[in-house]
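Remarks on the structure that follows.
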Amino acid sequence: MTGFFSTMGARLRNAARATAFSVMGVVFGLAGLGFLTVALWIVLAVNEGVLVAYTVIGALYLVLGFCLMALGAQGGGADEPRSAAPPSEPPKDPLVQLAEGFAMGMQAGRAMRERRD
């Protein structure tokens, strides 16, 4: 029983570590996105004007949002069970299929004969 709890503890530690690194990655990614947004704003505002800067950055975030929503709608995360297709039988040799068909026909014929009697 102690092996079960030690295994469960190790899994929980690994899950906590993975979650912490994921959260840190999101935080740093958002900070980087903020800095890149400010840099793009400065470049566009200096070269094109404030109205164009607003329009370009707004359109960029709109397209990014639609892309992320489309990815989210495509398919669930790892928590959702996916319906797996039932395993198909491997293809049989044609001679095996012929023999099975013959045997089934013989059984059907015997059953018909027994019903008549």
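In the structure tokens, each chain is lettered A, B, ... as it comes, each chain's residues begin at 1, and ligands are numbered from 1 in order of appearance.
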Query - Within 12 Å of A:Leu44 using only C-alpha atoms, minus same-chain residues under 5 positions, as a ChimeraX atom specification - result: /A:37-39,49-57
Export, as a compact mmCIF listing (two decimals), in the first residue's frame, the selected residues with C-alpha atoms.
# COMPACT_ATOMS: atom_id res chain seq x y z
CA THR A 37 2.83 45.61 -28.21
CA VAL A 38 4.45 48.77 -26.84
CA ALA A 39 7.32 48.47 -29.32
CA GLY A 49 0.27 58.08 -36.75
CA VAL A 50 -1.71 57.22 -33.68
CA LEU A 51 -4.90 56.20 -35.49
CA VAL A 52 -3.06 53.68 -37.67
CA ALA A 53 -1.25 52.31 -34.61
CA TYR A 54 -4.57 51.73 -32.83
CA THR A 55 -6.06 50.08 -35.91
CA VAL A 56 -3.13 47.76 -36.61
CA ILE A 57 -2.70 46.61 -33.02
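Put simply, atom CA of A:Leu68 is 24.6 Å away from atom CA of A:Ala15.
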DSSP helix (DSSP H, G or I) selection over chain A, as a short mmCIF file (atom, residue, chain, number, x, y, z; two decimals) with N, CA, C and O atoms, in the first residue's frame:
data_model
loop_
_atom_site.label_atom_id
_atom_site.label_comp_id
_atom_site.auth_asym_id
_atom_site.auth_seq_id
_atom_site.Cartn_x
_atom_site.Cartn_y
_atom_site.Cartn_z
N THR A 2 2.06 1.15 0.61
CA THR A 2 2.92 2.34 0.64
C THR A 2 3.45 2.66 -0.76
O THR A 2 3.71 3.82 -1.06
N GLY A 3 3.60 1.65 -1.59
CA GLY A 3 4.04 1.89 -2.96
C GLY A 3 3.02 2.71 -3.73
O GLY A 3 3.36 3.57 -4.54
N PHE A 4 1.73 2.46 -3.45
CA PHE A 4 0.67 3.21 -4.11
C PHE A 4 0.75 4.68 -3.72
O PHE A 4 0.65 5.56 -4.58
N PHE A 5 0.93 4.96 -2.42
CA PHE A 5 0.97 6.35 -1.97
C PHE A 5 2.24 7.06 -2.42
O PHE A 5 2.20 8.25 -2.75
N SER A 6 3.36 6.35 -2.45
CA SER A 6 4.59 7.00 -2.93
C SER A 6 4.50 7.30 -4.43
O SER A 6 4.95 8.35 -4.88
N THR A 7 3.88 6.41 -5.18
CA THR A 7 3.68 6.66 -6.60
C THR A 7 2.73 7.84 -6.81
O THR A 7 2.96 8.70 -7.65
N MET A 8 1.65 7.86 -6.01
CA MET A 8 0.69 8.96 -6.11
C MET A 8 1.35 10.28 -5.72
O MET A 8 1.12 11.31 -6.36
N GLY A 9 2.18 10.26 -4.69
CA GLY A 9 2.89 11.48 -4.28
C GLY A 9 3.82 11.98 -5.37
O GLY A 9 3.91 13.19 -5.62
N ALA A 10 4.52 11.07 -6.01
CA ALA A 10 5.43 11.46 -7.09
C ALA A 10 4.65 12.05 -8.26
O ALA A 10 5.06 13.05 -8.87
N ARG A 11 3.51 11.46 -8.57
CA ARG A 11 2.68 12.00 -9.65
C ARG A 11 2.17 13.40 -9.31
O ARG A 11 2.14 14.28 -10.16
N LEU A 12 1.76 13.59 -8.06
CA LEU A 12 1.26 14.90 -7.65
C LEU A 12 2.37 15.95 -7.70
O LEU A 12 2.14 17.09 -8.11
N ARG A 13 3.57 15.57 -7.26
CA ARG A 13 4.71 16.51 -7.33
C ARG A 13 5.02 16.89 -8.77
O ARG A 13 5.25 18.05 -9.09
N ASN A 14 5.02 15.90 -9.65
CA ASN A 14 5.29 16.18 -11.07
C ASN A 14 4.20 17.06 -11.68
O ASN A 14 4.49 17.97 -12.45
N ALA A 15 2.95 16.80 -11.31
CA ALA A 15 1.85 17.62 -11.83
C ALA A 15 1.94 19.05 -11.30
O ALA A 15 1.72 20.01 -12.05
N ALA A 16 2.30 19.21 -10.02
CA ALA A 16 2.44 20.55 -9.45
C ALA A 16 3.60 21.29 -10.11
O ALA A 16 3.48 22.49 -10.40
N ARG A 17 4.69 20.59 -10.34
CA ARG A 17 5.84 21.22 -10.99
C ARG A 17 5.49 21.64 -12.42
O ARG A 17 5.80 22.76 -12.84
N ALA A 18 4.80 20.78 -13.14
CA ALA A 18 4.41 21.11 -14.51
C ALA A 18 3.44 22.29 -14.53
O ALA A 18 3.55 23.19 -15.38
N THR A 19 2.52 22.33 -13.59
CA THR A 19 1.57 23.45 -13.51
C THR A 19 2.29 24.74 -13.18
O THR A 19 2.00 25.79 -13.78
N ALA A 20 3.23 24.70 -12.26
CA ALA A 20 3.96 25.91 -11.88
C ALA A 20 4.76 26.44 -13.07
O ALA A 20 4.75 27.66 -13.34
N PHE A 21 5.42 25.56 -13.80
CA PHE A 21 6.18 26.02 -14.96
C PHE A 21 5.26 26.55 -16.05
O PHE A 21 5.59 27.51 -16.74
N SER A 22 4.09 25.94 -16.21
CA SER A 22 3.15 26.43 -17.21
C SER A 22 2.64 27.82 -16.84
O SER A 22 2.55 28.71 -17.70
N VAL A 23 2.31 28.03 -15.58
CA VAL A 23 1.84 29.34 -15.15
C VAL A 23 2.94 30.38 -15.32
O VAL A 23 2.69 31.50 -15.80
N MET A 24 4.17 30.02 -14.96
CA MET A 24 5.28 30.97 -15.14
C MET A 24 5.48 31.27 -16.63
O MET A 24 5.76 32.41 -17.00
N GLY A 25 5.34 30.27 -17.48
CA GLY A 25 5.47 30.48 -18.91
C GLY A 25 4.41 31.43 -19.44
O GLY A 25 4.68 32.30 -20.27
N VAL A 26 3.17 31.29 -18.95
CA VAL A 26 2.10 32.19 -19.38
C VAL A 26 2.38 33.61 -18.91
O VAL A 26 2.20 34.57 -19.67
N VAL A 27 2.83 33.76 -17.68
CA VAL A 27 3.12 35.10 -17.15
C VAL A 27 4.24 35.77 -17.96
O VAL A 27 4.11 36.93 -18.39
N PHE A 28 5.33 35.06 -18.20
CA PHE A 28 6.42 35.64 -18.97
C PHE A 28 6.01 35.88 -20.43
O PHE A 28 6.43 36.86 -21.05
N GLY A 29 5.19 34.99 -20.97
CA GLY A 29 4.71 35.19 -22.33
C GLY A 29 3.84 36.43 -22.44
O GLY A 29 3.95 37.21 -23.40
N LEU A 30 2.97 36.65 -21.46
CA LEU A 30 2.14 37.86 -21.47
C LEU A 30 2.97 39.12 -21.28
O LEU A 30 2.69 40.15 -21.90
N ALA A 31 4.01 39.06 -20.44
CA ALA A 31 4.89 40.21 -20.28
C ALA A 31 5.61 40.52 -21.60
O ALA A 31 5.70 41.68 -22.02
N GLY A 32 6.09 39.49 -22.27
CA GLY A 32 6.74 39.68 -23.56
C GLY A 32 5.78 40.24 -24.59
O GLY A 32 6.14 41.12 -25.38
N LEU A 33 4.54 39.75 -24.59
CA LEU A 33 3.54 40.27 -25.51
C LEU A 33 3.25 41.74 -25.23
O LEU A 33 3.07 42.54 -26.16
N GLY A 34 3.25 42.11 -23.97
CA GLY A 34 3.06 43.53 -23.61
C GLY A 34 4.19 44.40 -24.14
O GLY A 34 3.95 45.47 -24.71
N PHE A 35 5.42 43.96 -23.96
CA PHE A 35 6.57 44.73 -24.46
C PHE A 35 6.55 44.83 -25.98
O PHE A 35 6.86 45.88 -26.55
N LEU A 36 6.21 43.73 -26.65
CA LEU A 36 6.14 43.77 -28.11
C LEU A 36 5.01 44.68 -28.60
O LEU A 36 5.15 45.37 -29.62
N THR A 37 3.92 44.71 -27.85
CA THR A 37 2.83 45.61 -28.21
C THR A 37 3.26 47.07 -28.09
O THR A 37 2.98 47.89 -28.96
N VAL A 38 3.96 47.39 -27.02
CA VAL A 38 4.45 48.77 -26.84
C VAL A 38 5.45 49.12 -27.93
O VAL A 38 5.41 50.23 -28.49
N ALA A 39 6.33 48.19 -28.26
CA ALA A 39 7.32 48.47 -29.32
C ALA A 39 6.63 48.69 -30.66
O ALA A 39 6.97 49.62 -31.41
N LEU A 40 5.62 47.87 -30.98
CA LEU A 40 4.88 48.05 -32.23
C LEU A 40 4.13 49.37 -32.22
O LEU A 40 4.07 50.07 -33.23
N TRP A 41 3.58 49.71 -31.07
CA TRP A 41 2.87 50.98 -30.94
C TRP A 41 3.81 52.15 -31.24
O TRP A 41 3.45 53.07 -31.99
N ILE A 42 4.99 52.12 -30.67
CA ILE A 42 5.95 53.22 -30.87
C ILE A 42 6.33 53.33 -32.34
O ILE A 42 6.34 54.42 -32.92
N VAL A 43 6.64 52.19 -32.96
CA VAL A 43 7.04 52.21 -34.38
C VAL A 43 5.91 52.76 -35.25
O VAL A 43 6.13 53.62 -36.11
N LEU A 44 4.70 52.27 -35.04
CA LEU A 44 3.58 52.72 -35.86
C LEU A 44 3.20 54.17 -35.58
O LEU A 44 2.87 54.93 -36.50
N ALA A 45 3.21 54.57 -34.33
CA ALA A 45 2.83 55.94 -33.98
C ALA A 45 3.82 56.95 -34.55
O ALA A 45 3.43 58.02 -35.00
N VAL A 46 5.10 56.61 -34.54
CA VAL A 46 6.12 57.53 -35.06
C VAL A 46 6.05 57.60 -36.58
O VAL A 46 6.12 58.67 -37.18
N ASN A 47 5.89 56.46 -37.24
CA ASN A 47 5.94 56.42 -38.70
C ASN A 47 4.61 56.71 -39.38
O ASN A 47 4.58 57.30 -40.45
N VAL A 50 -1.08 57.91 -34.80
CA VAL A 50 -1.71 57.22 -33.68
C VAL A 50 -2.91 56.39 -34.14
O VAL A 50 -3.10 55.26 -33.68
N LEU A 51 -3.71 56.93 -35.04
CA LEU A 51 -4.90 56.20 -35.49
C LEU A 51 -4.53 54.89 -36.18
O LEU A 51 -5.16 53.85 -35.95
N VAL A 52 -3.50 54.91 -37.00
CA VAL A 52 -3.06 53.68 -37.67
C VAL A 52 -2.51 52.70 -36.65
O VAL A 52 -2.74 51.49 -36.75
N ALA A 53 -1.79 53.19 -35.65
CA ALA A 53 -1.25 52.31 -34.61
C ALA A 53 -2.37 51.60 -33.87
O ALA A 53 -2.31 50.39 -33.63
N TYR A 54 -3.42 52.36 -33.49
CA TYR A 54 -4.57 51.73 -32.83
C TYR A 54 -5.21 50.68 -33.72
O TYR A 54 -5.53 49.58 -33.28
N THR A 55 -5.38 50.99 -34.98
CA THR A 55 -6.06 50.08 -35.91
C THR A 55 -5.26 48.80 -36.12
O THR A 55 -5.80 47.69 -36.07
N VAL A 56 -3.97 48.94 -36.35
CA VAL A 56 -3.13 47.76 -36.61
C VAL A 56 -3.06 46.86 -35.39
O VAL A 56 -3.23 45.64 -35.49
N ILE A 57 -2.83 47.43 -34.23
CA ILE A 57 -2.70 46.61 -33.02
C ILE A 57 -4.05 45.98 -32.67
O ILE A 57 -4.12 44.81 -32.29
N GLY A 58 -5.14 46.72 -32.83
CA GLY A 58 -6.47 46.16 -32.57
C GLY A 58 -6.78 45.01 -33.51
O GLY A 58 -7.29 43.96 -33.10
N ALA A 59 -6.47 45.17 -34.79
CA ALA A 59 -6.71 44.10 -35.76
C ALA A 59 -5.83 42.89 -35.47
O ALA A 59 -6.28 41.74 -35.60
N LEU A 60 -4.59 43.14 -35.07
CA LEU A 60 -3.68 42.04 -34.74
C LEU A 60 -4.23 41.20 -33.58
O LEU A 60 -4.27 39.97 -33.65
N TYR A 61 -4.69 41.87 -32.52
CA TYR A 61 -5.24 41.14 -31.39
C TYR A 61 -6.57 40.47 -31.73
O TYR A 61 -6.88 39.39 -31.21
N LEU A 62 -7.37 41.08 -32.60
CA LEU A 62 -8.62 40.47 -33.02
C LEU A 62 -8.36 39.17 -33.78
O LEU A 62 -8.98 38.13 -33.51
N VAL A 63 -7.42 39.20 -34.71
CA VAL A 63 -7.08 38.00 -35.47
C VAL A 63 -6.50 36.93 -34.56
O VAL A 63 -6.84 35.74 -34.65
N LEU A 64 -5.64 37.34 -33.64
CA LEU A 64 -5.05 36.39 -32.69
C LEU A 64 -6.14 35.76 -31.82
O LEU A 64 -6.14 34.55 -31.57
N GLY A 65 -7.11 36.56 -31.38
CA GLY A 65 -8.20 36.04 -30.57
C GLY A 65 -9.05 35.05 -31.33
O GLY A 65 -9.43 34.00 -30.80
N PHE A 66 -9.37 35.37 -32.60
CA PHE A 66 -10.16 34.43 -33.40
C PHE A 66 -9.40 33.13 -33.64
O PHE A 66 -9.98 32.05 -33.61
N CYS A 67 -8.11 33.23 -33.89
CA CYS A 67 -7.31 32.01 -34.10
C CYS A 67 -7.31 31.14 -32.84
O CYS A 67 -7.45 29.91 -32.92
N LEU A 68 -7.14 31.75 -31.68
CA LEU A 68 -7.13 30.99 -30.44
C LEU A 68 -8.50 30.38 -30.14
O LEU A 68 -8.59 29.26 -29.64
N MET A 69 -9.57 31.12 -30.46
CA MET A 69 -10.91 30.56 -30.26
C MET A 69 -11.14 29.38 -31.19
O MET A 69 -11.76 28.38 -30.80
N ALA A 70 -10.65 29.46 -32.41
CA ALA A 70 -10.79 28.35 -33.35
C ALA A 70 -10.01 27.13 -32.87
O ALA A 70 -10.48 26.00 -32.96
N LEU A 71 -8.82 27.36 -32.34
CA LEU A 71 -8.04 26.24 -31.80
C LEU A 71 -8.73 25.63 -30.59
O LEU A 71 -8.70 24.41 -30.41
N GLY A 72 -9.34 26.46 -29.76
CA GLY A 72 -10.04 25.96 -28.59
C GLY A 72 -11.28 25.17 -28.96
O GLY A 72 -11.64 24.20 -28.29
N ALA A 73 -11.94 25.56 -30.03
CA ALA A 73 -13.16 24.87 -30.45
C ALA A 73 -12.85 23.56 -31.14
O ALA A 73 -13.69 22.66 -31.18
N GLN A 74 -11.64 23.43 -31.68
CA GLN A 74 -11.28 22.22 -32.42
C GLN A 74 -11.25 21.01 -31.54
O GLN A 74 -11.69 19.94 -31.90
N PRO A 94 -8.49 -14.43 -48.06
CA PRO A 94 -9.70 -14.79 -48.83
C PRO A 94 -10.07 -16.26 -48.72
O PRO A 94 -11.25 -16.60 -48.70
N LEU A 95 -9.08 -17.14 -48.62
CA LEU A 95 -9.39 -18.56 -48.49
C LEU A 95 -10.05 -18.86 -47.14
O LEU A 95 -10.95 -19.71 -47.05
N VAL A 96 -9.63 -18.16 -46.10
CA VAL A 96 -10.25 -18.34 -44.79
C VAL A 96 -11.69 -17.86 -44.83
O VAL A 96 -12.60 -18.51 -44.30
N GLN A 97 -11.93 -16.72 -45.50
CA GLN A 97 -13.29 -16.22 -45.64
C GLN A 97 -14.16 -17.20 -46.43
O GLN A 97 -15.32 -17.43 -46.09
N LEU A 98 -13.60 -17.78 -47.45
CA LEU A 98 -14.33 -18.76 -48.26
C LEU A 98 -14.70 -19.97 -47.42
O LEU A 98 -15.83 -20.47 -47.46
N ALA A 99 -13.76 -20.46 -46.61
CA ALA A 99 -14.02 -21.63 -45.77
C ALA A 99 -15.08 -21.30 -44.71
O ALA A 99 -15.97 -22.12 -44.42
N GLU A 100 -15.00 -20.09 -44.13
CA GLU A 100 -16.00 -19.71 -43.14
C GLU A 100 -17.39 -19.62 -43.78
O GLU A 100 -18.39 -20.05 -43.20
N GLY A 101 -17.45 -19.04 -44.97
CA GLY A 101 -18.73 -18.95 -45.67
C GLY A 101 -19.30 -20.32 -45.97
O GLY A 101 -20.50 -20.55 -45.84
N PHE A 102 -18.44 -21.26 -46.41
CA PHE A 102 -18.87 -22.62 -46.69
C PHE A 102 -19.42 -23.28 -45.42
O PHE A 102 -20.48 -23.92 -45.43
N ALA A 103 -18.70 -23.12 -44.29
CA ALA A 103 -19.14 -23.73 -43.04
C ALA A 103 -20.47 -23.13 -42.58
O ALA A 103 -21.36 -23.85 -42.10
N MET A 104 -20.64 -21.82 -42.73
CA MET A 104 -21.90 -21.19 -42.34
C MET A 104 -23.05 -21.70 -43.23
O MET A 104 -24.17 -21.93 -42.75
N GLY A 105 -22.78 -21.88 -44.51
CA GLY A 105 -23.80 -22.42 -45.42
C GLY A 105 -24.19 -23.85 -45.05
O GLY A 105 -25.37 -24.22 -45.11
N MET A 106 -23.20 -24.64 -44.69
CA MET A 106 -23.48 -26.02 -44.27
C MET A 106 -24.35 -26.03 -43.02
O MET A 106 -25.32 -26.81 -42.93
N GLN A 107 -24.03 -25.18 -42.06
CA GLN A 107 -24.83 -25.12 -40.83
C GLN A 107 -26.25 -24.66 -41.13
O GLN A 107 -27.21 -25.18 -40.57
N ALA A 108 -26.40 -23.67 -42.03
CA ALA A 108 -27.74 -23.19 -42.38
C ALA A 108 -28.53 -24.30 -43.07
O ALA A 108 -29.73 -24.48 -42.81
N GLY A 109 -27.88 -25.07 -43.93
CA GLY A 109 -28.56 -26.18 -44.61
C GLY A 109 -28.99 -27.24 -43.63
O GLY A 109 -30.10 -27.78 -43.72
N ARG A 110 -28.14 -27.59 -42.67
CA ARG A 110 -28.52 -28.59 -41.67
C ARG A 110 -29.68 -28.10 -40.82
O ARG A 110 -30.58 -28.86 -40.48
N ALA A 111 -29.66 -26.82 -40.48
CA ALA A 111 -30.74 -26.26 -39.68
C ALA A 111 -32.06 -26.31 -40.44
O ALA A 111 -33.12 -26.60 -39.86
N MET A 112 -32.01 -26.02 -41.73
CA MET A 112 -33.23 -26.09 -42.55
C MET A 112 -33.75 -27.52 -42.64
O MET A 112 -34.96 -27.76 -42.59
N ARG A 113 -32.85 -28.50 -42.78
CA ARG A 113 -33.23 -29.90 -42.89
C ARG A 113 -33.87 -30.36 -41.58
O ARG A 113 -34.86 -31.09 -41.58
N GLU A 114 -33.31 -29.90 -40.44
CA GLU A 114 -33.85 -30.30 -39.15
C GLU A 114 -35.24 -29.72 -38.94
O GLU A 114 -36.09 -30.33 -38.32
N ARG A 115 -35.51 -28.56 -39.47
CA ARG A 115 -36.82 -27.94 -39.32
C ARG A 115 -37.87 -28.70 -40.12
O ARG A 115 -39.02 -28.80 -39.74
N ARG A 116 -37.50 -29.23 -41.30
CA ARG A 116 -38.44 -29.97 -42.15
C ARG A 116 -38.82 -31.30 -41.51
O ARG A 116 -39.89 -31.80 -41.67
#
